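Chemist: Sharing model_4.cif, mmCIF, C-alpha atoms and all ligand atoms:
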```cif
data_target
loop_
_atom_site.label_atom_id
_atom_site.label_comp_id
_atom_site.auth_asym_id
_atom_site.auth_seq_id
_atom_site.Cartn_x
_atom_site.Cartn_y
_atom_site.Cartn_z
CA MET D 1 21.07 3.61 2.17
CA ALA D 2 18.18 6.09 1.87
CA ALA D 3 17.04 7.21 5.31
CA PRO D 4 13.86 9.31 5.12
CA ALA D 5 13.67 12.44 7.27
CA SER D 6 12.46 11.53 10.74
CA PRO D 7 9.54 11.41 11.26
CA ALA D 8 8.97 10.48 7.61
CA ARG D 9 6.00 12.07 5.88
CA LEU D 10 3.57 9.46 4.56
CA VAL D 11 0.88 9.94 1.94
CA VAL D 12 -1.45 6.93 1.95
CA LEU D 13 -3.53 6.05 -1.14
CA VAL D 14 -6.77 4.09 -0.66
CA SER D 15 -9.76 2.83 -2.67
CA GLY D 16 -11.89 1.05 -0.09
CA SER D 17 -12.35 0.31 3.56
CA GLY D 18 -8.95 1.63 4.60
CA THR D 19 -8.22 -0.79 7.42
CA ASN D 20 -4.53 -0.80 6.48
CA LEU D 21 -4.58 3.00 6.63
CA GLN D 22 -6.24 2.73 10.05
CA ALA D 23 -3.50 0.39 11.25
CA LEU D 24 -0.89 2.99 10.26
CA LEU D 25 -2.87 5.77 11.97
CA ASP D 26 -3.20 3.65 15.11
CA ALA D 27 0.55 2.93 15.16
CA VAL D 28 1.37 6.64 14.88
CA ALA D 29 -1.14 7.42 17.64
CA GLU D 30 0.25 4.67 19.88
CA HIS D 31 3.96 5.45 19.50
CA GLY D 32 3.84 9.11 18.45
CA PRO D 33 5.36 10.25 15.12
CA ALA D 34 8.87 10.32 16.61
CA GLY D 35 8.54 6.86 18.15
CA PHE D 36 6.99 5.28 15.07
CA GLY D 37 9.34 7.19 12.78
CA ALA D 38 6.61 8.41 10.45
CA GLU D 39 3.34 10.27 10.33
CA VAL D 40 0.49 10.25 7.83
CA VAL D 41 0.27 13.75 6.35
CA ALA D 42 -2.49 13.16 3.78
CA VAL D 43 -4.72 10.48 2.28
CA GLY D 44 -5.56 10.24 -1.41
CA ALA D 45 -8.17 8.16 -3.22
CA ASP D 46 -9.36 7.37 -6.72
CA ARG D 47 -13.03 7.54 -5.71
CA THR D 48 -15.37 9.28 -3.29
CA GLY D 49 -17.74 7.77 -0.73
CA ILE D 50 -15.32 5.24 0.77
CA THR D 51 -14.66 4.40 4.39
CA GLY D 52 -10.95 4.97 3.82
CA LEU D 53 -11.59 8.69 3.28
CA GLU D 54 -13.91 8.83 6.30
CA ARG D 55 -11.12 7.38 8.46
CA ALA D 56 -8.77 10.11 7.22
CA GLU D 57 -11.33 12.83 7.91
CA ARG D 58 -11.97 11.45 11.40
CA ALA D 59 -8.23 11.67 12.01
CA GLY D 60 -8.29 15.32 10.88
CA LEU D 61 -6.09 14.65 7.85
CA PRO D 62 -6.22 16.43 4.52
CA THR D 63 -7.63 14.26 1.73
CA PHE D 64 -7.66 14.44 -2.05
CA VAL D 65 -9.54 12.50 -4.72
CA CYS D 66 -8.32 11.91 -8.28
CA ARG D 67 -10.86 10.02 -10.35
CA VAL D 68 -9.75 8.58 -13.67
CA GLY D 69 -13.14 9.54 -15.17
CA ASP D 70 -12.55 13.23 -14.43
CA HIS D 71 -9.57 13.31 -16.80
CA ALA D 72 -9.43 13.16 -20.59
CA THR D 73 -6.72 10.50 -20.60
CA ARG D 74 -5.13 8.06 -18.20
CA GLU D 75 -1.90 10.04 -18.54
CA GLU D 76 -3.60 13.25 -17.42
CA TRP D 77 -5.00 11.38 -14.43
CA ASP D 78 -1.52 10.12 -13.61
CA ARG D 79 -0.12 13.67 -13.78
CA ALA D 80 -2.95 14.97 -11.56
CA LEU D 81 -2.43 12.19 -9.01
CA THR D 82 1.30 12.92 -9.02
CA GLU D 83 0.79 16.64 -8.39
CA ALA D 84 -1.87 16.08 -5.71
CA THR D 85 0.43 13.64 -3.90
CA ALA D 86 3.56 15.78 -4.32
CA ALA D 87 1.74 18.77 -2.79
CA HIS D 88 2.05 16.99 0.59
CA ARG D 89 5.83 16.46 0.20
CA PRO D 90 5.87 12.76 1.13
CA ASP D 91 9.04 10.85 1.96
CA LEU D 92 7.14 7.61 1.36
CA VAL D 93 3.88 6.92 -0.44
CA VAL D 94 1.89 3.89 0.72
CA SER D 95 -0.59 2.25 -1.63
CA ALA D 96 -2.88 0.56 0.91
CA GLY D 97 -5.68 -1.04 -1.06
CA PHE D 98 -5.35 1.54 -3.86
CA MET D 99 -6.87 -0.31 -6.82
CA LYS D 100 -5.23 1.62 -9.65
CA ILE D 101 -1.96 1.12 -11.48
CA VAL D 102 0.00 4.35 -11.35
CA GLY D 103 1.70 5.63 -14.49
CA LYS D 104 5.10 6.86 -15.56
CA HIS D 105 4.80 10.37 -14.09
CA PHE D 106 3.94 9.02 -10.67
CA LEU D 107 6.80 6.53 -10.83
CA ALA D 108 9.26 9.16 -12.07
CA ARG D 109 8.47 11.23 -8.95
CA PHE D 110 7.97 8.49 -6.37
CA GLY D 111 9.78 5.43 -7.72
CA GLY D 112 11.78 3.75 -4.94
CA ARG D 113 9.52 5.45 -2.35
CA LEU D 114 6.19 3.89 -3.30
CA VAL D 115 5.21 0.90 -1.13
CA ASN D 116 2.28 -1.38 -1.98
CA THR D 117 0.62 -4.12 0.00
CA HIS D 118 -0.83 -7.09 -1.88
CA PRO D 119 -2.99 -9.93 -0.49
CA ALA D 120 -1.01 -12.87 -1.95
CA LEU D 121 2.51 -14.24 -1.95
CA LEU D 122 3.98 -12.53 -5.03
CA PRO D 123 4.98 -13.35 -7.70
CA SER D 124 1.96 -15.66 -7.45
CA PHE D 125 -1.46 -14.13 -7.98
CA PRO D 126 -0.75 -10.49 -8.88
CA GLY D 127 -3.52 -8.10 -9.88
CA ALA D 128 -6.84 -7.02 -8.49
CA HIS D 129 -8.09 -10.47 -7.40
CA GLY D 130 -5.14 -12.00 -5.57
CA VAL D 131 -7.25 -13.69 -2.89
CA ARG D 132 -9.84 -15.11 -5.31
CA ASP D 133 -7.18 -16.32 -7.75
CA ALA D 134 -5.22 -18.11 -5.01
CA LEU D 135 -8.39 -19.76 -3.70
CA HIS D 136 -9.45 -20.90 -7.19
CA TYR D 137 -5.98 -22.28 -7.87
CA GLY D 138 -6.27 -24.44 -4.78
CA VAL D 139 -3.10 -23.35 -3.00
CA LYS D 140 -2.80 -24.42 0.63
CA LEU D 141 -0.66 -21.44 1.62
CA THR D 142 -1.14 -17.87 0.53
CA GLY D 143 -0.42 -14.64 2.40
CA CYS D 144 0.58 -11.05 1.82
CA THR D 145 3.45 -9.16 0.28
CA VAL D 146 4.71 -5.64 0.96
CA HIS D 147 6.80 -4.43 -1.96
CA PHE D 148 8.10 -1.40 -3.78
CA VAL D 149 6.15 -0.52 -6.91
CA ASP D 150 7.80 -0.63 -10.33
CA ASP D 151 6.25 -0.28 -13.79
CA GLY D 152 4.76 -3.79 -13.83
CA VAL D 153 1.68 -5.11 -12.05
CA ASP D 154 2.83 -6.19 -8.57
CA THR D 155 6.32 -7.00 -9.88
CA GLY D 156 8.48 -4.62 -7.82
CA PRO D 157 11.19 -5.56 -5.30
CA ILE D 158 9.77 -7.43 -2.31
CA ILE D 159 10.31 -5.98 1.17
CA ALA D 160 8.48 -8.54 3.33
CA GLN D 161 6.05 -11.43 3.08
CA GLU D 162 4.06 -13.50 5.49
CA ALA D 163 2.17 -16.75 4.87
CA VAL D 164 -1.44 -17.52 5.75
CA GLU D 165 -2.89 -21.03 5.63
CA VAL D 166 -5.90 -21.67 3.40
CA ARG D 167 -8.66 -23.60 5.18
CA ALA D 168 -10.98 -26.08 3.46
CA GLU D 169 -14.03 -24.03 4.45
CA ASP D 170 -12.62 -20.68 3.26
CA ASP D 171 -14.48 -18.46 0.86
CA GLU D 172 -12.86 -15.34 -0.59
CA SER D 173 -14.12 -13.05 2.12
CA ALA D 174 -13.09 -15.25 5.08
CA LEU D 175 -9.65 -15.84 3.62
CA HIS D 176 -9.17 -12.15 2.81
CA GLU D 177 -10.07 -11.16 6.37
CA ARG D 178 -7.47 -13.57 7.81
CA ILE D 179 -4.88 -12.26 5.32
CA LYS D 180 -5.71 -8.67 6.27
CA ASP D 181 -5.15 -9.43 9.97
CA VAL D 182 -1.59 -10.41 9.10
CA GLU D 183 -1.16 -7.76 6.40
CA ARG D 184 -1.98 -4.81 8.66
CA ARG D 185 0.65 -5.90 11.16
CA LEU D 186 3.22 -6.52 8.42
CA LEU D 187 2.58 -3.18 6.70
CA VAL D 188 2.90 -1.25 9.97
CA ASP D 189 6.11 -3.10 10.80
CA VAL D 190 7.62 -2.51 7.33
CA VAL D 191 6.68 1.17 7.04
CA GLY D 192 8.00 1.87 10.54
CA ARG D 193 11.28 0.10 9.82
CA LEU D 194 11.78 1.81 6.43
CA ALA D 195 11.14 5.16 8.07
CA ARG D 196 13.32 4.61 11.13
CA GLU D 197 16.18 2.61 9.67
CA GLY D 198 16.35 3.66 6.02
CA TYR D 199 16.78 1.10 3.25
CA SER D 200 18.51 0.31 0.00
CA ILE D 201 17.20 -1.29 -3.19
CA GLU D 202 19.78 -3.08 -5.31
CA GLY D 203 18.16 -4.75 -8.30
CA ARG D 204 15.46 -6.91 -6.78
CA LYS D 205 17.01 -6.96 -3.30
CA VAL D 206 15.68 -4.66 -0.62
CA ARG D 207 17.86 -4.24 2.43
CA VAL D 208 16.52 -2.80 5.68
CA PRO D 209 18.84 -2.83 8.68
CA ALA D 210 17.54 -5.21 11.40
C1 LIG Q 301 -5.83 -5.22 1.14
O1 LIG Q 301 -5.96 -6.60 1.39
C2 LIG Q 301 -4.82 -4.97 0.04
O2 LIG Q 301 -3.77 -5.89 0.01
C3 LIG Q 301 -5.69 -5.14 -1.18
O3 LIG Q 301 -6.87 -4.48 -0.86
C4 LIG Q 301 -7.10 -4.63 0.55
C5 LIG Q 301 -7.42 -3.28 1.11
O4 LIG Q 301 -7.96 -3.37 2.39
N1 LIG Q 301 -5.03 -4.61 -2.34
C6 LIG Q 301 -5.04 -5.21 -3.51
O5 LIG Q 301 -5.68 -6.20 -3.76
C7 LIG Q 301 -4.20 -4.52 -4.56
N2 LIG Q 301 -3.98 -5.37 -5.69
P1 LIG Q 301 -8.24 -2.06 3.25
O6 LIG Q 301 -8.94 -1.05 2.32
O7 LIG Q 301 -9.14 -2.52 4.35
O8 LIG Q 301 -6.92 -1.56 3.74
#
```
Can you give me the file's structure in the form of C-alpha cells?

Modeler:
Amino acid sequence: MAAPASPARLVVLVSGSGTNLQALLDAVAEHGPAGFGAEVVAVGADRTGITGLERAERAGLPTFVCRVGDHATREEWDRALTEATAAHRPDLVVSAGFMKIVGKHFLARFGGRLVNTHPALLPSFPGAHGVRDALHYGVKLTGCTVHFVDDGVDTGPIIAQEAVEVRAEDDESALHERIKDVERRLLVDVVGRLAREGYSIEGRKVRVPA
C-alpha cells in the first residue's frame, strides 16, 4: 500500500476554468494541509490566459506552462512537461481538466501517481467530449470518473465514480455544470483519501482503505 508523505505534495494540471483546482485549494484552506492530508505545491498548464492559472496565482502558487507548439515534437513536449512537474517533487499529480494526453516519459515518472477526472462514467464516453458524446448517445445516466492514468485514453484503473441523471431539457453546458458539481466533491474526496490513507493498484483494482 503506497502511502504518500503527509501532507502529500500535489501538482495540479489544468487547461481551462480550473474549478476542480479551486475545489482542491478550498479543501486545503478549510482543513489545513495536515487535516486534508495534501497541499497543492504548483499548478501547470498547456496554455496561457486561462482562469485556472489565475486561480493558482491568486493562491500564491508557482505556475508553469508547457505548450505543445513551443516544442519541435510531441515527445519533447512530454519531456519538458515531465521535468517542469518533477521540479516541484509531487507525491501525486492531478489532471483536473488538463486536455492533453501525456506521453511515455511523463508516465514513466508519474505512473501510478497520476489521477485524472473525467466527466462521464468510464469506460463509456472517453476522450475530450465526454459530456457531448453521452448526451448525443441518449443515455439517461452519466456522471464522472476519477481514475489513475495509464497509456490509453481514459482507460486507467478507476478509483471512484458517481452518477448524474440526464434531464430531457439538458444541453451540453447545463449537463456539464451538474456533472462538475458532483465531480468537484468526488475529486476532493478521492485526493484527500489517497493522500491520508494510501492506496494500492492491483491490475485494474484500486484499493483505498475506508
Ligand atoms: C472537468 O469536467 C473535467 O472532467 C473535464 O474538464 C472539466 C474541467 O473543468 N476534463 C475532461 O473532459 C478530460 N477529458 P474545470 O477546468 O472547471 O476544473

Chemist: Any idea what's packed within 10 Å of Phe98 in chain D, counting all atoms listed in the file, ignoring anything in its chain fewer than 4 positions away? Could you give it as number ranges by chain?

Modeler: D: 12-16, 18, 44-47, 94, 102, 116-118, 128

Chemist: Pick from D:Ala174, D:Val206, D:Ala168, D:Val182: nearest to Ala23 in chain D, with all atoms listed in the file counted?

Modeler: D:Val182

Chemist: So which residues are near ligand LIG 301 (chain Q), meaning at most 9 Å away with all atoms listed in the file counted, given back as an MDAnalysis selection string?

Modeler: chainID D and resid 14:23 51:52 95:101 116:120 126:131 144:146 153:154 176:177 179:180 183:184

Chemist: So what do you get for CA of His105 in chain D versus CA of Val149 in chain D, distance-wise?

Modeler: 13.1 Å

Chemist: Neighbours of Thr82 in chain D within 8 Å (all atoms listed in the file; same-chain residues fewer than 3 positions away dropped), as a CSV table (one decimal) with C-alpha atoms, in the coordinates of the input?

Modeler:
```csv
chain,number,residue,atom,x,y,z
D,78,ASP,CA,-1.5,10.1,-13.6
D,79,ARG,CA,-0.1,13.7,-13.8
D,85,THR,CA,0.4,13.6,-3.9
D,86,ALA,CA,3.6,15.8,-4.3
D,105,HIS,CA,4.8,10.4,-14.1
D,106,PHE,CA,3.9,9.0,-10.7
D,109,ARG,CA,8.5,11.2,-9.0
```

Chemist: Identify which of the residues D:Glu165, D:Asp150, D:Asp91, D:Glu57 lies closest to Ala195 in chain D, counting all atoms listed in the file when measuring atom-to-atom distances.

Modeler: D:Asp91

Chemist: Specify the axis-aligned box that encloses all atoms of range 88-102 of chain D listed in the file after padding of 4 Å on each side, stating its centre and edge lengths in Å to one decimal as lines of an AutoDock Vina configuration file.

Modeler:
```
center_x = 1.1
center_y = 8.0
center_z = -4.8
size_x = 23.9
size_y = 26.0
size_z = 21.4
```

Chemist: Compare D:Val65, D:Leu114, D:Val166, D:Val40 by their minimum atom-to-atom distance to Gly138 in chain D, counting only C-alpha atoms, and give me the closest one.

Modeler: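 Nearest to Gly138 in chain D: D:Val166.
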
Chemist: What is the CA of Leu10 in chain D to CA of Ala42 in chain D distance in Å?

Modeler: 7.1 Å

Chemist: Between CA of Thr142 in chain D and CA of Arg204 in chain D, measure the distance and give it in Å to one decimal.

Modeler: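 CA of Thr142 in chain D sits 21.2 Å away from CA of Arg204 in chain D.
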
Chemist: Which polymer residues, whether protein, DNA or RNA, lie within 12 Å of the coordinate (-9.7, -28.6, 1.4) when you count only C-alpha atoms? List them as a list of chain:residue names, using the chain letters and numbers from the file.

Modeler: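 So the residues meeting the distance criterion are D:Leu135, D:His136, D:Tyr137, D:Gly138, D:Val139, D:Lys140, D:Leu141, D:Glu165, D:Val166, D:Arg167, D:Ala168, D:Glu169, D:Asp170, D:Asp171.
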
Chemist: Which one is closest to Leu25 in chain D: D:Glu76, D:His88, D:Phe64, D:Val191? Count all atoms listed in the file.

Modeler: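 The shortest atom-to-atom distance to Leu25 in chain D comes from D:Val191.
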